[in-house]
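The next block is query30.pdb, given as PDB, C-alpha atoms, pLDDT in the B column.
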```pdb
ATOM      1  CA  MET A 554     -46.428 -42.978 153.399  1.00 43.00           C
ATOM      2  CA  GLU A 555     -43.762 -43.167 156.100  1.00 48.00           C
ATOM      3  CA  PHE A 556     -43.599 -45.844 158.757  1.00 47.00           C
ATOM      4  CA  GLU A 557     -44.388 -43.315 161.474  1.00 48.00           C
ATOM      5  CA  GLU A 558     -47.742 -42.491 159.845  1.00 47.00           C
ATOM      6  CA  LEU A 559     -49.783 -45.011 161.782  1.00 41.00           C
ATOM      7  CA  LYS A 560     -53.454 -45.301 162.549  1.00 41.00           C
ATOM      8  CA  LYS A 561     -54.155 -44.442 166.202  1.00 43.00           C
ATOM      9  CA  ILE A 562     -56.581 -46.557 168.174  1.00 40.00           C
ATOM     10  CA  TRP A 563     -57.809 -45.531 171.561  1.00 38.00           C
ATOM     11  CA  ASP A 564     -57.973 -48.252 174.197  1.00 42.00           C
ATOM     12  CA  THR A 565     -60.910 -47.374 176.432  1.00 44.00           C
ATOM     13  CA  GLN A 566     -59.946 -49.762 179.229  1.00 44.00           C
ATOM     14  CA  ASN A 567     -56.721 -48.099 180.346  1.00 47.00           C
ATOM     15  CA  ASN A 568     -56.827 -44.794 178.411  1.00 51.00           C
ATOM     16  CA  GLN A 569     -53.491 -45.436 176.722  1.00 50.00           C
ATOM     17  CA  PRO A 570     -52.965 -44.826 173.029  1.00 50.00           C
ATOM     18  CA  LEU A 571     -52.217 -47.948 171.012  1.00 49.00           C
ATOM     19  CA  TYR A 572     -50.862 -47.988 167.507  1.00 52.00           C
ATOM     20  CA  ALA A 573     -51.650 -50.358 164.697  1.00 54.00           C
ATOM     21  CA  ILE A 574     -49.925 -50.549 161.343  1.00 59.00           C
ATOM     22  CA  ASN A 575     -52.021 -50.025 158.265  1.00 68.00           C
ATOM     23  CA  GLU A 576     -50.645 -53.187 156.660  1.00 73.00           C
ATOM     24  CA  LYS A 577     -52.087 -52.523 153.213  1.00 78.00           C
ATOM     25  CA  ALA A 578     -50.497 -49.061 153.071  1.00 77.00           C
ATOM     26  CA  MET A 579     -47.211 -50.433 154.463  1.00 77.00           C
ATOM     27  CA  TYR A 580     -47.149 -53.241 151.891  1.00 78.00           C
ATOM     28  CA  ASN A 581     -47.851 -50.752 149.083  1.00 81.00           C
ATOM     29  CA  HIS A 582     -44.999 -48.588 150.413  1.00 79.00           C
ATOM     30  CA  ILE A 583     -42.629 -51.574 150.370  1.00 80.00           C
ATOM     31  CA  LEU A 584     -43.724 -52.578 146.865  1.00 81.00           C
ATOM     32  CA  SER A 585     -43.179 -49.005 145.699  1.00 85.00           C
ATOM     33  CA  LYS A 586     -39.647 -48.958 147.152  1.00 82.00           C
ATOM     34  CA  LYS A 587     -38.910 -52.351 145.599  1.00 82.00           C
ATOM     35  CA  LYS A 588     -40.200 -51.250 142.193  1.00 86.00           C
ATOM     36  CA  GLN A 589     -38.138 -48.055 142.358  1.00 87.00           C
ATOM     37  CA  ALA A 590     -34.978 -49.984 143.277  1.00 85.00           C
ATOM     38  CA  HIS A 591     -35.553 -52.463 140.438  1.00 85.00           C
ATOM     39  CA  HIS A 592     -36.178 -49.671 137.940  1.00 90.00           C
ATOM     40  CA  ILE A 593     -33.030 -47.751 138.891  1.00 88.00           C
ATOM     41  CA  THR A 594     -30.965 -50.936 138.937  1.00 89.00           C
ATOM     42  CA  ASN A 595     -32.184 -52.050 135.501  1.00 91.00           C
ATOM     43  CA  ILE A 596     -31.460 -48.667 133.959  1.00 93.00           C
ATOM     44  CA  THR A 597     -28.043 -48.487 135.631  1.00 91.00           C
ATOM     45  CA  GLU A 598     -27.042 -51.961 134.459  1.00 93.00           C
ATOM     46  CA  LEU A 599     -28.189 -51.426 130.884  1.00 95.00           C
ATOM     47  CA  LEU A 600     -26.581 -47.991 130.734  1.00 94.00           C
ATOM     48  CA  ILE A 601     -23.246 -49.292 132.035  1.00 93.00           C
ATOM     49  CA  ILE A 602     -23.291 -52.178 129.550  1.00 95.00           C
ATOM     50  CA  PHE A 603     -24.268 -49.951 126.615  1.00 97.00           C
ATOM     51  CA  VAL A 604     -21.849 -47.111 127.424  1.00 95.00           C
ATOM     52  CA  ASN A 605     -18.898 -49.434 127.972  1.00 95.00           C
ATOM     53  CA  ILE A 606     -19.510 -51.381 124.757  1.00 96.00           C
ATOM     54  CA  CYS A 607     -19.994 -48.210 122.685  1.00 96.00           C
ATOM     55  CA  SER A 608     -17.010 -46.439 124.248  1.00 94.00           C
ATOM     56  CA  GLY A 609     -14.832 -49.513 123.829  1.00 94.00           C
ATOM     57  CA  CYS A 610     -15.836 -49.745 120.157  1.00 95.00           C
ATOM     58  CA  VAL A 611     -15.153 -46.048 119.552  1.00 93.00           C
ATOM     59  CA  VAL A 612     -11.733 -46.156 121.222  1.00 91.00           C
ATOM     60  CA  LEU A 613     -10.797 -49.393 119.452  1.00 91.00           C
ATOM     61  CA  GLY A 614     -12.050 -48.105 116.097  1.00 91.00           C
ATOM     62  CA  MET A 615     -10.257 -44.764 116.360  1.00 88.00           C
ATOM     63  CA  ASN A 616      -7.043 -46.435 117.400  1.00 86.00           C
ATOM     64  CA  TYR A 617      -7.247 -49.162 114.759  1.00 84.00           C
ATOM     65  CA  PHE A 618      -8.257 -46.996 111.791  1.00 86.00           C
ATOM     66  CA  LYS A 619      -5.661 -44.349 112.581  1.00 82.00           C
ATOM     67  CA  GLN A 620      -3.235 -47.268 112.478  1.00 75.00           C
ATOM     68  CA  SER A 621      -1.909 -46.085 115.779  1.00 74.00           C
ATOM     69  CA  SER A 622       0.119 -48.352 117.959  1.00 80.00           C
ATOM     70  CA  ASN A 623      -1.037 -46.684 121.161  1.00 85.00           C
ATOM     71  CA  ILE A 624      -1.088 -49.696 123.454  1.00 90.00           C
ATOM     72  CA  TYR A 625      -2.876 -47.787 126.238  1.00 91.00           C
ATOM     73  CA  LEU A 626      -5.904 -47.176 124.045  1.00 89.00           C
ATOM     74  CA  TYR A 627      -6.081 -50.870 123.134  1.00 92.00           C
ATOM     75  CA  ILE A 628      -5.909 -51.727 126.850  1.00 94.00           C
ATOM     76  CA  LEU A 629      -8.571 -49.082 127.539  1.00 93.00           C
ATOM     77  CA  SER A 630     -10.971 -50.588 125.010  1.00 95.00           C
ATOM     78  CA  ALA A 631     -10.335 -54.088 126.416  1.00 96.00           C
ATOM     79  CA  TRP A 632     -10.988 -52.736 129.935  1.00 96.00           C
ATOM     80  CA  MET A 633     -14.296 -51.224 128.793  1.00 95.00           C
ATOM     81  CA  PHE A 634     -15.381 -54.476 127.131  1.00 97.00           C
ATOM     82  CA  GLY A 635     -14.410 -56.297 130.320  1.00 96.00           C
ATOM     83  CA  SER A 636     -16.472 -53.842 132.394  1.00 95.00           C
ATOM     84  CA  ALA A 637     -19.496 -54.443 130.162  1.00 96.00           C
ATOM     85  CA  LEU A 638     -19.055 -58.211 130.468  1.00 97.00           C
ATOM     86  CA  PHE A 639     -18.685 -57.929 134.253  1.00 96.00           C
ATOM     87  CA  MET A 640     -21.941 -55.958 134.455  1.00 95.00           C
ATOM     88  CA  LEU A 641     -23.756 -58.383 132.166  1.00 96.00           C
ATOM     89  CA  VAL A 642     -22.711 -61.362 134.312  1.00 96.00           C
ATOM     90  CA  ASN A 643     -23.782 -59.535 137.491  1.00 93.00           C
ATOM     91  CA  ARG A 644     -27.117 -58.617 135.905  1.00 93.00           C
ATOM     92  CA  ILE A 645     -27.812 -62.231 134.952  1.00 93.00           C
ATOM     93  CA  GLN A 646     -26.944 -63.405 138.474  1.00 91.00           C
ATOM     94  CA  ARG A 647     -29.175 -60.733 140.030  1.00 89.00           C
ATOM     95  CA  ILE A 648     -32.122 -61.650 137.817  1.00 89.00           C
ATOM     96  CA  LYS A 649     -31.680 -65.362 138.597  1.00 88.00           C
ATOM     97  CA  GLY A 650     -31.730 -64.534 142.321  1.00 83.00           C
ATOM     98  CA  ASN A 651     -35.058 -62.681 142.121  1.00 79.00           C
ATOM     99  CA  ASN A 652     -37.070 -65.868 142.642  1.00 80.00           C
ATOM    100  CA  ARG A 653     -35.558 -66.788 146.006  1.00 84.00           C
ATOM    101  CA  PHE A 654     -37.741 -64.297 147.888  1.00 78.00           C
ATOM    102  CA  ASP A 655     -41.287 -65.141 148.938  1.00 78.00           C
ATOM    103  CA  ARG A 656     -44.048 -62.759 147.943  1.00 82.00           C
ATOM    104  CA  SER A 657     -45.016 -61.431 151.345  1.00 77.00           C
ATOM    105  CA  MET A 658     -44.441 -58.096 153.043  1.00 78.00           C
ATOM    106  CA  ARG A 659     -41.222 -59.299 154.679  1.00 81.00           C
ATOM    107  CA  GLY A 660     -40.134 -61.210 151.577  1.00 81.00           C
ATOM    108  CA  ASP A 661     -40.622 -58.194 149.348  1.00 83.00           C
ATOM    109  CA  LEU A 662     -38.794 -56.010 151.876  1.00 84.00           C
ATOM    110  CA  ASP A 663     -35.900 -58.489 151.950  1.00 85.00           C
ATOM    111  CA  HIS A 664     -35.923 -58.450 148.144  1.00 87.00           C
ATOM    112  CA  ALA A 665     -35.860 -54.633 148.066  1.00 87.00           C
ATOM    113  CA  ILE A 666     -32.928 -54.627 150.515  1.00 89.00           C
ATOM    114  CA  SER A 667     -31.115 -57.201 148.393  1.00 89.00           C
ATOM    115  CA  VAL A 668     -31.525 -55.044 145.276  1.00 89.00           C
ATOM    116  CA  ALA A 669     -30.451 -51.930 147.226  1.00 90.00           C
ATOM    117  CA  THR A 670     -27.349 -53.769 148.490  1.00 91.00           C
ATOM    118  CA  TYR A 671     -26.538 -54.796 144.922  1.00 92.00           C
ATOM    119  CA  GLN A 672     -27.056 -51.202 143.793  1.00 92.00           C
ATOM    120  CA  VAL A 673     -24.656 -49.894 146.457  1.00 93.00           C
ATOM    121  CA  ARG A 674     -22.036 -52.507 145.529  1.00 93.00           C
ATOM    122  CA  ILE A 675     -22.261 -51.788 141.792  1.00 92.00           C
ATOM    123  CA  SER A 676     -22.125 -48.018 142.286  1.00 91.00           C
ATOM    124  CA  GLN A 677     -18.981 -48.423 144.411  1.00 93.00           C
ATOM    125  CA  ILE A 678     -17.332 -50.712 141.836  1.00 92.00           C
ATOM    126  CA  MET A 679     -18.194 -48.381 138.959  1.00 91.00           C
ATOM    127  CA  ARG A 680     -16.955 -45.400 140.930  1.00 90.00           C
ATOM    128  CA  TRP A 681     -13.576 -47.081 141.404  1.00 92.00           C
ATOM    129  CA  ASN A 682     -13.676 -48.155 137.762  1.00 92.00           C
ATOM    130  CA  ILE A 683     -13.283 -44.492 136.848  1.00 91.00           C
ATOM    131  CA  LEU A 684      -9.683 -44.592 138.114  1.00 91.00           C
ATOM    132  CA  PRO A 685      -8.247 -47.177 135.668  1.00 93.00           C
ATOM    133  CA  ILE A 686     -10.266 -45.700 132.808  1.00 93.00           C
ATOM    134  CA  GLY A 687      -8.948 -42.223 133.643  1.00 91.00           C
ATOM    135  CA  ALA A 688      -5.372 -43.466 134.040  1.00 91.00           C
ATOM    136  CA  LEU A 689      -5.450 -45.370 130.750  1.00 92.00           C
ATOM    137  CA  THR A 690      -6.976 -42.356 128.987  1.00 90.00           C
ATOM    138  CA  LEU A 691      -4.268 -40.045 130.351  1.00 89.00           C
ATOM    139  CA  LEU A 692      -1.529 -42.509 129.417  1.00 90.00           C
ATOM    140  CA  GLY A 693      -3.049 -42.772 125.938  1.00 89.00           C
ATOM    141  CA  LEU A 694      -3.012 -38.989 125.595  1.00 85.00           C
ATOM    142  CA  TRP A 695       0.571 -38.836 126.836  1.00 88.00           C
ATOM    143  CA  GLU A 696       1.756 -41.536 124.416  1.00 85.00           C
ATOM    144  CA  GLY A 697      -0.185 -39.870 121.586  1.00 79.00           C
ATOM    145  CA  GLY A 698       1.756 -36.636 122.168  1.00 80.00           C
ATOM    146  CA  LYS A 699      -1.301 -34.507 123.005  1.00 83.00           C
ATOM    147  CA  PRO A 700      -0.802 -31.068 124.608  1.00 86.00           C
ATOM    148  CA  ILE A 701      -0.721 -30.911 128.401  1.00 88.00           C
ATOM    149  CA  TRP A 702      -3.822 -28.684 128.573  1.00 91.00           C
ATOM    150  CA  ILE A 703      -5.905 -31.514 127.055  1.00 88.00           C
ATOM    151  CA  ALA A 704      -4.588 -33.903 129.699  1.00 87.00           C
ATOM    152  CA  ILE A 705      -5.456 -31.389 132.437  1.00 91.00           C
ATOM    153  CA  ILE A 706      -9.012 -30.984 131.121  1.00 93.00           C
ATOM    154  CA  VAL A 707      -9.421 -34.777 130.934  1.00 88.00           C
ATOM    155  CA  LEU A 708      -8.007 -35.138 134.459  1.00 90.00           C
ATOM    156  CA  LEU A 709     -10.466 -32.548 135.768  1.00 93.00           C
ATOM    157  CA  PHE A 710     -13.315 -34.328 133.978  1.00 92.00           C
ATOM    158  CA  PHE A 711     -12.455 -37.639 135.644  1.00 90.00           C
ATOM    159  CA  ALA A 712     -12.045 -35.936 139.042  1.00 91.00           C
ATOM    160  CA  VAL A 713     -15.518 -34.387 138.746  1.00 93.00           C
ATOM    161  CA  THR A 714     -16.909 -37.728 137.558  1.00 90.00           C
ATOM    162  CA  HIS A 715     -15.368 -39.514 140.564  1.00 90.00           C
ATOM    163  CA  TYR A 716     -16.832 -36.893 142.908  1.00 91.00           C
ATOM    164  CA  ALA A 717     -20.285 -37.190 141.288  1.00 90.00           C
ATOM    165  CA  GLY A 718     -20.027 -40.971 141.565  1.00 89.00           C
ATOM    166  CA  GLY A 719     -19.495 -40.579 145.314  1.00 89.00           C
ATOM    167  CA  TRP A 720     -22.549 -38.353 145.558  1.00 92.00           C
ATOM    168  CA  GLU A 721     -24.625 -40.926 143.661  1.00 90.00           C
ATOM    169  CA  HIS A 722     -23.214 -43.747 145.812  1.00 91.00           C
ATOM    170  CA  ASN A 723     -24.305 -41.918 148.977  1.00 92.00           C
ATOM    171  CA  ILE A 724     -27.855 -41.641 147.607  1.00 91.00           C
ATOM    172  CA  TYR A 725     -27.966 -45.415 147.119  1.00 91.00           C
ATOM    173  CA  LYS A 726     -26.545 -46.010 150.607  1.00 92.00           C
ATOM    174  CA  ARG A 727     -29.195 -43.732 152.116  1.00 92.00           C
ATOM    175  CA  LYS A 728     -32.006 -45.566 150.320  1.00 89.00           C
ATOM    176  CA  LYS A 729     -30.638 -48.909 151.499  1.00 90.00           C
ATOM    177  CA  ARG A 730     -30.400 -47.582 155.069  1.00 92.00           C
ATOM    178  CA  GLU A 731     -34.045 -46.445 154.930  1.00 89.00           C
ATOM    179  CA  LEU A 732     -35.100 -49.963 153.932  1.00 87.00           C
ATOM    180  CA  GLU A 733     -32.992 -51.512 156.699  1.00 89.00           C
ATOM    181  CA  ILE A 734     -34.547 -49.169 159.279  1.00 87.00           C
ATOM    182  CA  LEU A 735     -37.986 -50.152 158.046  1.00 83.00           C
ATOM    183  CA  GLN A 736     -37.000 -53.821 158.329  1.00 85.00           C
ATOM    184  CA  LYS A 737     -35.806 -53.293 161.924  1.00 87.00           C
ATOM    185  CA  LYS A 738     -39.026 -51.519 162.849  1.00 80.00           C
ATOM    186  CA  LEU A 739     -41.119 -54.280 161.335  1.00 77.00           C
ATOM    187  CA  GLY A 740     -38.972 -56.843 163.147  1.00 74.00           C
ATOM    188  CA  ASN A 741     -39.567 -55.041 166.461  1.00 63.00           C
ATOM    189  CA  GLU A 742     -43.313 -54.903 165.810  1.00 57.00           C
ATOM    190  CA  GLY A 743     -43.408 -58.638 165.225  1.00 51.00           C
ATOM    191  CA  GLN A 744     -41.896 -59.406 168.638  1.00 46.00           C
TER
END
```
Using structure tokens, write down the structure that the file contains.
Amino acid sequence: MEFEELKKIWDTQNNQPLYAINEKAMYNHILSKKKQAHHITNITELLIIFVNICSGCVVLGMNYFKQSSNIYLYILSAWMFGSALFMLVNRIQRIKGNNRFDRSMRGDLDHAISVATYQVRISQIMRWNILPIGALTLLGLWEGGKPIWIAIIVLLFFAVTHYAGGWEHNIYKRKKRELEILQKKLGNEGQ
């Protein structure tokens, strides 16, 4: 249900249409948006933590067991572990902050906007995180003496990943904007 889908009431005294918000439907809409934002955020956080830990372990293991002294791959695995730790700390802080919102229509809307803002911020950080990971990977390939065509394929992969990250980031920004518009409309109705 969109905000514009309102129940029309006819005022018989002055023959002007009046509009009233179906509060139950609006509240269900807000709860649905909040639940969706929480679900996407939880999956994103857990996926980032899991992927960074696993990738860091694989890179570290391959580099260590090959008895390679490729410093860039050691830095890459440390960067990935650091990224996982960063996400874990942010997740804990986000979860602790969940209780500061009251359980009302406006409180739940504020909570949904807070989660959407967090989602936008994390997607932007992770999008920029692709750059050091890509650079360290390319430097690791270069130091390892890999053929140039492998480096070009890896570079193209990271370029496509960065582009896709921007596309995903714009989706999160749009969802946040929708919630902010809804908040403005509700704020105008309350005046």
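Here atom CA of Asn595 of chain A stands at a distance of 14.2 Å from atom CA of Gly650 of chain A.
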Quote the spacing between atom CA of Leu599 of chain A and atom CA of Phe639 of chain A in Å to one decimal place. 12.0 Å
Could you list, as a PyMOL selection string, every residue matched by the PyMOL selection byres ((chain A and resi 716-723) around 12) in this structure? chain A and resi 593+597+669-684+709-715+724-730
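Ranking A:Leu739, A:Ile628, A:Ile706, A:Gly698 by their shortest atom-to-atom distance to Asn616 of chain A, with all atoms listed in the file included, puts A:Ile628 first.
The gap separating atom CA of Asp661 of chain A from atom CA of Glu731 of chain A is 14.6 Å, in Å to one decimal.
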Kindly list the centre and edge lengths in Å, rounded to one decimal, for the axis-aligned box that covers all listed atoms of segment 629-633 of chain A plus 5 Å on each of its six sides, as JSON.
```
{"center_x": -11.4, "center_y": -51.6, "center_z": 127.5, "size_x": 15.7, "size_y": 15.0, "size_z": 14.9}
```
Can you tell me which residues surround Ala637 of chain A at a distance of at most 8 Å, considering only C-alpha atoms, apart from same-chain residues fewer than 6 positions away, and format the answer as a CSV table (one decimal) with C-alpha atoms, keeping the file's coordinate frame?
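Full text of part-v5.csv as output:
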```csv
chain,number,residue,atom,x,y,z
A,601,ILE,CA,-23.2,-49.3,132.0
A,602,ILE,CA,-23.3,-52.2,129.6
A,603,PHE,CA,-24.3,-50.0,126.6
A,605,ASN,CA,-18.9,-49.4,128.0
A,606,ILE,CA,-19.5,-51.4,124.8
```
Given the file shown, determine the residues that the PyMOL selection byres ((chain A and resi 588) around 12) selects; report them as a ChimeraX atom specification. /A:581-587,589-595,661-662,664-666,668-669
Output file for the selection above: C-alpha atoms, as a short mmCIF file (atom, residue, chain, number, x, y, z; two decimals), keeping the file's coordinate frame:
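Output saved as again_35.cif:
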```
data_model
loop_
_atom_site.label_atom_id
_atom_site.label_comp_id
_atom_site.auth_asym_id
_atom_site.auth_seq_id
_atom_site.Cartn_x
_atom_site.Cartn_y
_atom_site.Cartn_z
CA ASN A 581 -47.85 -50.75 149.08
CA HIS A 582 -45.00 -48.59 150.41
CA ILE A 583 -42.63 -51.57 150.37
CA LEU A 584 -43.72 -52.58 146.86
CA SER A 585 -43.18 -49.00 145.70
CA LYS A 586 -39.65 -48.96 147.15
CA LYS A 587 -38.91 -52.35 145.60
CA GLN A 589 -38.14 -48.06 142.36
CA ALA A 590 -34.98 -49.98 143.28
CA HIS A 591 -35.55 -52.46 140.44
CA HIS A 592 -36.18 -49.67 137.94
CA ILE A 593 -33.03 -47.75 138.89
CA THR A 594 -30.96 -50.94 138.94
CA ASN A 595 -32.18 -52.05 135.50
CA ASP A 661 -40.62 -58.19 149.35
CA LEU A 662 -38.79 -56.01 151.88
CA HIS A 664 -35.92 -58.45 148.14
CA ALA A 665 -35.86 -54.63 148.07
CA ILE A 666 -32.93 -54.63 150.51
CA VAL A 668 -31.52 -55.04 145.28
CA ALA A 669 -30.45 -51.93 147.23
#
```
Would you kindly identify which residues have an atom no farther than 9 Å from (-2.7, -46.7, 131.3), using only C-alpha atoms and the file's own coordinates, and write them out as a ChimeraX atom specification? /A:624-626,628-629,685-693
